[in-house]
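*Asks:* Structure below; questions to follow.
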Amino acid sequence: MSGTAANPALSSVQRFHALDGMRGIAAIVVMLYHYVGASQSRLFMNSYIAVDLFFILSGFVIYHAYATAILGGMPAGVFANKRISRLAPTVAGGVVLGAIAALIVMLETGRDFSPLDFALTHMGHFAFVPALSDYQIPASDSLILFPSNPPLWSIFYELVASLAFIWIARIPRWRLVGAALAAFSLYLFCCLALSRMTGTALTANVGWNHATFFFGFPRVFSGFLMGIIIYRLLRRLDDWIETHLPRLAGPLPTLGLFAATLCVLMCPFYAKGVYQFVAIGMLCPLLILVGARVTPGRSWLTAVCDGLGTLSLPLYCVHEPVRHMTNILLKRIGLPDSALGLRVTITVILAFLASGMLLWLLGQLRARHRLSSGLKPFLG
């Protein structure tokens, strides 16, 4: 494999601004998927594949950021420290906000719950441990991994995959391709088996609850390995890539990439479940392959991309608790449920404000630095 220095577009200091913007757009689509839902608009019927786009992006970015260091001898503990310190403070903010929202909802609705199970569940969430029991009596729905803040399930799987990168980084290229194909095949098989056994429509949306917990592992690793393969292809096929997929700069290619991302994530066709897996296995990797060759070319657009990328994680972690608290607030002031457009607009604005406030608070607390320092005696 050629070194990064051979390809200036993939140097270790390179930041993929267009991919940052794509990540932010995917986070917004997930938020709208939860706020509007497929029952209100067919545009969101496949939008949960944004999670798989996150997994592919994660593999691409982590390989770019850490492969050279790990292959050069970075201790596993140091790498784990960096990954946990990157994710844990924002996730902790989501756990706290989720717990507050859950308490408000349960007090407002008079729903019974177990205070002990509630406390133990959220203590575990701070350490990325999914819920092992339901604090609601009785359970109001299928037991999900993070009941107060459901979207955190995908961050749990992403952390597992990123920690496994310590070993994945050393896998030869063709074995890596074989592993990715095996993971995707297992993912597809699990989804087909689930549909067959339950008599429900085929869906790629698995891993978020206890019933499909183990299905989440082939789901995350199929995407994560795809991302690594894309990055390694870009490094290895420099001349071919330059000829057939030249770099594109400027607002038009960048905005075109964002439009294509929206089209893939908001496709209103089910196609007997085929579209989901075509999008995950082909369209999302293609978007990232092209996006890695696109640069905004304008300072204002670069700032927009960076801002979207920076907000993507906190927005993903707080949007569901914000929705629950906003629904209670709007009900109290008498806004009818039928005013969906106004309700969604207000909630989106509050979710962005909450994300910005969480970023500011973590920055003021120097949360990542303090967590990393606290983990050094244990991890290095």
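Lettering and numbering for the structure tokens are positional, with chains as A, B, ... in the shown order, residues counted from 1 in each chain, and ligands counted from 1 in the shown order.
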Taking the DSSP secondary structure from the backbone, can you list the residues of range 38-148 of chain A that are helix (DSSP H, G or I), as a PyMOL selection string?
*Replies:* chain A and resi 42-44+47-71+76-109+115-126
*Asks:* Among range 114-346 of chain A, which residues does DSSP mark as strand (DSSP E or B) when it is run on the backbone? Keep the chain and numbering as in the structure and answer as a ChimeraX atom specification.
*Replies:* /A:136,144,209,248-249,294-295
*Asks:* List every residue of range 149-181 of chain A that has an atom at most 8 Å from any atom of range 311-317 of chain A, and for each one report the closest atom pair and its distance in Å to one decimal, counting only C-alpha atoms, with rows sorted by chain and then by increasing residue number, as a Markdown table.
*Replies:*
| residue | atom | partner | partner_atom | distance |
| --- | --- | --- | --- | --- |
| A:Asn149 | CA | A:Cys317 | CA | 7.6 |
| A:Pro151 | CA | A:Cys317 | CA | 6.8 |
| A:Leu152 | CA | A:Cys317 | CA | 6.5 |
*Asks:* Export, as a PDB file, in the first residue's frame, the selected residues with N, CA and C atoms.
*Replies:*
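Result file is result_28.pdb:
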ATOM      1  N   ASN A 149     -33.396   7.689  25.287  1.00  0.00           N
ATOM      2  CA  ASN A 149     -32.836   8.401  24.141  1.00  0.00           C
ATOM      3  C   ASN A 149     -32.465   7.380  23.074  1.00  0.00           C
ATOM      4  N   PRO A 151     -31.857   7.054  19.829  1.00  0.00           N
ATOM      5  CA  PRO A 151     -30.800   7.109  18.805  1.00  0.00           C
ATOM      6  C   PRO A 151     -29.406   6.733  19.298  1.00  0.00           C
ATOM      7  N   LEU A 152     -29.181   6.718  20.607  1.00  0.00           N
ATOM      8  CA  LEU A 152     -27.851   6.397  21.117  1.00  0.00           C
ATOM      9  C   LEU A 152     -27.444   4.957  20.818  1.00  0.00           C
TER      10      LEU A 152
END
*Asks:* Would you list the contacts of Ala92 in chain A as a PyMOL selection string, taking every protein, DNA or RNA residue within 10 Å and counting only C-alpha atoms, but skipping same-chain residues closer than 5 positions in sequence?
*Replies:* chain A and resi 87+97-98+122-123+125-128+317
*Asks:* Using only C-alpha atoms, what table do you get, as JSON lines, when you list each residue of range 287-350 of chain A with an atom no more than 12 Å from range 29-41 of chain A, its nearest pair of atoms, and their distance in Å rounded to one decimal, rows by chain then rising number?
*Replies:*
{"residue": "A:Ser312", "atom": "CA", "partner": "A:Met31", "partner_atom": "CA", "distance": 10.3}
{"residue": "A:Leu313", "atom": "CA", "partner": "A:Val30", "partner_atom": "CA", "distance": 11.6}
{"residue": "A:Pro314", "atom": "CA", "partner": "A:Met31", "partner_atom": "CA", "distance": 11.5}
{"residue": "A:Leu315", "atom": "CA", "partner": "A:Met31", "partner_atom": "CA", "distance": 8.0}
{"residue": "A:Tyr316", "atom": "CA", "partner": "A:Met31", "partner_atom": "CA", "distance": 7.1}
{"residue": "A:Cys317", "atom": "CA", "partner": "A:Met31", "partner_atom": "CA", "distance": 9.9}
{"residue": "A:Val318", "atom": "CA", "partner": "A:Met31", "partner_atom": "CA", "distance": 9.6}
{"residue": "A:His319", "atom": "CA", "partner": "A:Met31", "partner_atom": "CA", "distance": 6.4}
{"residue": "A:Glu320", "atom": "CA", "partner": "A:His34", "partner_atom": "CA", "distance": 7.5}
{"residue": "A:Pro321", "atom": "CA", "partner": "A:His34", "partner_atom": "CA", "distance": 11.2}
{"residue": "A:Val322", "atom": "CA", "partner": "A:Tyr35", "partner_atom": "CA", "distance": 10.4}
{"residue": "A:Arg323", "atom": "CA", "partner": "A:Tyr35", "partner_atom": "CA", "distance": 7.3}
{"residue": "A:His324", "atom": "CA", "partner": "A:Tyr35", "partner_atom": "CA", "distance": 10.0}
{"residue": "A:Thr326", "atom": "CA", "partner": "A:Tyr35", "partner_atom": "CA", "distance": 11.1}
{"residue": "A:Asn327", "atom": "CA", "partner": "A:Tyr35", "partner_atom": "CA", "distance": 10.5}
{"residue": "A:Asp337", "atom": "CA", "partner": "A:Val36", "partner_atom": "CA", "distance": 12.0}
{"residue": "A:Ser338", "atom": "CA", "partner": "A:Gln40", "partner_atom": "CA", "distance": 11.2}
{"residue": "A:Ala339", "atom": "CA", "partner": "A:Val36", "partner_atom": "CA", "distance": 11.7}
{"residue": "A:Leu340", "atom": "CA", "partner": "A:Val36", "partner_atom": "CA", "distance": 7.9}
{"residue": "A:Gly341", "atom": "CA", "partner": "A:Val36", "partner_atom": "CA", "distance": 8.9}
{"residue": "A:Leu342", "atom": "CA", "partner": "A:Val36", "partner_atom": "CA", "distance": 11.4}
{"residue": "A:Arg343", "atom": "CA", "partner": "A:Tyr35", "partner_atom": "CA", "distance": 9.0}
{"residue": "A:Val344", "atom": "CA", "partner": "A:Tyr35", "partner_atom": "CA", "distance": 6.4}
{"residue": "A:Thr345", "atom": "CA", "partner": "A:Tyr35", "partner_atom": "CA", "distance": 9.7}
{"residue": "A:Ile346", "atom": "CA", "partner": "A:Tyr35", "partner_atom": "CA", "distance": 10.9}
{"residue": "A:Thr347", "atom": "CA", "partner": "A:Tyr35", "partner_atom": "CA", "distance": 8.2}
{"residue": "A:Val348", "atom": "CA", "partner": "A:Met31", "partner_atom": "CA", "distance": 8.0}
{"residue": "A:Ile349", "atom": "CA", "partner": "A:Met31", "partner_atom": "CA", "distance": 11.5}
{"residue": "A:Leu350", "atom": "CA", "partner": "A:Met31", "partner_atom": "CA", "distance": 12.0}
*Asks:* Counting only C-alpha atoms, what is within 12 Å of Asn46 in chain A, bar same-chain residues fewer than 2 positions away, as an MDAnalysis selection string?
*Replies:* chainID A and resid 29:30 32:34 37:39 41:44 48:52 202:205 262:280
*Asks:* Have a look at A:Pro336, A:Gly380, A:Pro130, A:Gly281 and name the one nearest to Phe79 in chain A; count only C-alpha atoms.
*Replies:*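 For Phe79 in chain A, the nearest of the given residues is A:Gly380.
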*Asks:* In Å, rounded to a single decimal, give me how far CA of Thr90 in chain A is from CA of Pro218 in chain A.
*Replies:*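 CA of Thr90 in chain A lies at a distance of 25.2 Å from CA of Pro218 in chain A.
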*Asks:* Using only C-alpha atoms, find the one residue out of A:Leu365, A:Ala67, A:Ile229, A:Leu143 that sits nearest to Ala179 in chain A.
*Replies:* A:Ile229
*Asks:* As a PyMOL selection string, please: the residues near range 56-58 of chain A (cut-off 8 Å, only C-alpha atoms, same-chain neighbours under 5 positions excluded).
*Replies:* chain A and resi 19+23+158+162+223-228+284-285+288
*Asks:* Take the residues from that selection and write them out as a short mmCIF file (atom, residue, chain, number, x, y, z; two decimals), in the first residue's frame, keeping all heavy atoms.
*Replies:*
data_model
loop_
_atom_site.label_atom_id
_atom_site.label_comp_id
_atom_site.auth_asym_id
_atom_site.auth_seq_id
_atom_site.Cartn_x
_atom_site.Cartn_y
_atom_site.Cartn_z
N LEU A 19 -17.53 15.77 3.25
CA LEU A 19 -18.04 14.65 4.03
C LEU A 19 -18.56 15.12 5.38
O LEU A 19 -19.53 14.55 5.91
CB LEU A 19 -16.94 13.60 4.23
CG LEU A 19 -16.45 12.89 2.96
CD1 LEU A 19 -15.46 11.80 3.32
CD2 LEU A 19 -17.60 12.32 2.15
N ARG A 23 -22.32 14.45 6.69
CA ARG A 23 -22.66 13.91 8.00
C ARG A 23 -23.73 14.76 8.68
O ARG A 23 -24.68 14.25 9.28
CB ARG A 23 -21.42 13.82 8.89
CG ARG A 23 -21.69 13.18 10.26
CD ARG A 23 -20.51 13.27 11.18
NE ARG A 23 -19.37 12.53 10.69
CZ ARG A 23 -18.25 13.07 10.24
NH1 ARG A 23 -18.13 14.39 10.20
NH2 ARG A 23 -17.26 12.34 9.82
N GLU A 158 -21.17 1.90 16.99
CA GLU A 158 -20.04 2.59 16.37
C GLU A 158 -18.81 2.53 17.27
O GLU A 158 -17.68 2.36 16.78
CB GLU A 158 -20.40 4.04 16.08
CG GLU A 158 -19.29 4.80 15.37
CD GLU A 158 -19.70 6.22 14.99
OE1 GLU A 158 -20.89 6.45 14.73
OE2 GLU A 158 -18.80 7.09 14.94
N SER A 162 -15.29 0.92 16.27
CA SER A 162 -14.08 1.74 16.27
C SER A 162 -13.01 1.16 17.19
O SER A 162 -11.82 1.25 16.88
CB SER A 162 -14.41 3.18 16.67
OG SER A 162 -14.90 3.26 17.99
N GLY A 223 -20.98 -1.69 7.26
CA GLY A 223 -20.76 -0.30 6.89
C GLY A 223 -19.37 0.19 7.24
O GLY A 223 -18.70 0.85 6.43
N PHE A 224 -18.90 -0.15 8.42
CA PHE A 224 -17.59 0.31 8.89
C PHE A 224 -16.48 -0.21 7.97
O PHE A 224 -15.57 0.54 7.59
CB PHE A 224 -17.38 -0.18 10.32
CG PHE A 224 -16.19 0.41 11.02
CD1 PHE A 224 -16.25 1.68 11.56
CD2 PHE A 224 -15.01 -0.31 11.15
CE1 PHE A 224 -15.16 2.23 12.22
CE2 PHE A 224 -13.92 0.23 11.80
CZ PHE A 224 -13.99 1.51 12.33
N LEU A 225 -16.55 -1.48 7.61
CA LEU A 225 -15.54 -2.05 6.72
C LEU A 225 -15.61 -1.47 5.32
O LEU A 225 -14.59 -1.28 4.66
CB LEU A 225 -15.68 -3.57 6.68
CG LEU A 225 -15.40 -4.31 7.99
CD1 LEU A 225 -15.71 -5.79 7.86
CD2 LEU A 225 -13.96 -4.11 8.45
N MET A 226 -16.84 -1.16 4.85
CA MET A 226 -16.97 -0.49 3.55
C MET A 226 -16.22 0.83 3.54
O MET A 226 -15.55 1.18 2.57
CB MET A 226 -18.45 -0.23 3.23
CG MET A 226 -19.25 -1.43 2.78
SD MET A 226 -20.95 -0.89 2.42
CE MET A 226 -21.82 -2.43 2.63
N GLY A 227 -16.37 1.59 4.62
CA GLY A 227 -15.69 2.88 4.71
C GLY A 227 -14.19 2.75 4.63
O GLY A 227 -13.50 3.54 3.96
N ILE A 228 -13.65 1.74 5.32
CA ILE A 228 -12.20 1.51 5.28
C ILE A 228 -11.76 1.12 3.87
O ILE A 228 -10.73 1.59 3.37
CB ILE A 228 -11.82 0.41 6.30
CG1 ILE A 228 -12.10 0.90 7.72
CG2 ILE A 228 -10.36 0.02 6.13
CD1 ILE A 228 -11.90 -0.16 8.77
N CYS A 284 -24.73 4.58 -0.85
CA CYS A 284 -24.02 5.31 0.22
C CYS A 284 -22.50 5.24 0.06
O CYS A 284 -21.82 6.27 0.18
CB CYS A 284 -24.46 4.80 1.59
SG CYS A 284 -26.14 5.28 2.06
N PRO A 285 -21.92 4.06 -0.21
CA PRO A 285 -20.47 4.04 -0.48
C PRO A 285 -20.09 4.92 -1.67
O PRO A 285 -19.03 5.58 -1.64
CB PRO A 285 -20.20 2.56 -0.77
CG PRO A 285 -21.27 1.83 -0.03
CD PRO A 285 -22.48 2.70 -0.14
N ILE A 288 -19.87 8.54 -0.66
CA ILE A 288 -18.65 8.85 0.11
C ILE A 288 -17.43 8.84 -0.79
O ILE A 288 -16.52 9.69 -0.64
CB ILE A 288 -18.52 7.86 1.27
CG1 ILE A 288 -19.64 8.10 2.28
CG2 ILE A 288 -17.15 8.00 1.96
CD1 ILE A 288 -19.76 7.07 3.35
#
*Asks:* Compare A:Leu181, A:Cys191, A:Leu371, A:Ile328 by their minimum atom-to-atom distance to Ala102 in chain A, counting only C-alpha atoms, and give me the closest one.
*Replies:* A:Ile328
*Asks:* So which one's closest to Ile28 in chain A, A:Ala351, A:Ile62, A:Ile333, A:Leu120? Using only C-alpha atoms, please.
*Replies:*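 Looking at the shortest contact to Ile28 in chain A, the residue is A:Ala351.
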*Asks:* If you measure from CA of Phe213 in chain A to CA of Ile144 in chain A, what distance in Å do you get, rounded to one decimal?
*Replies:*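 Atom-to-atom, CA of Phe213 in chain A to CA of Ile144 in chain A, that is 9.0 Å.
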*Asks:* Quote the spacing between CA of Phe55 in chain A and CA of Val220 in chain A in Å to one decimal place.
*Replies:* 6.0 Å
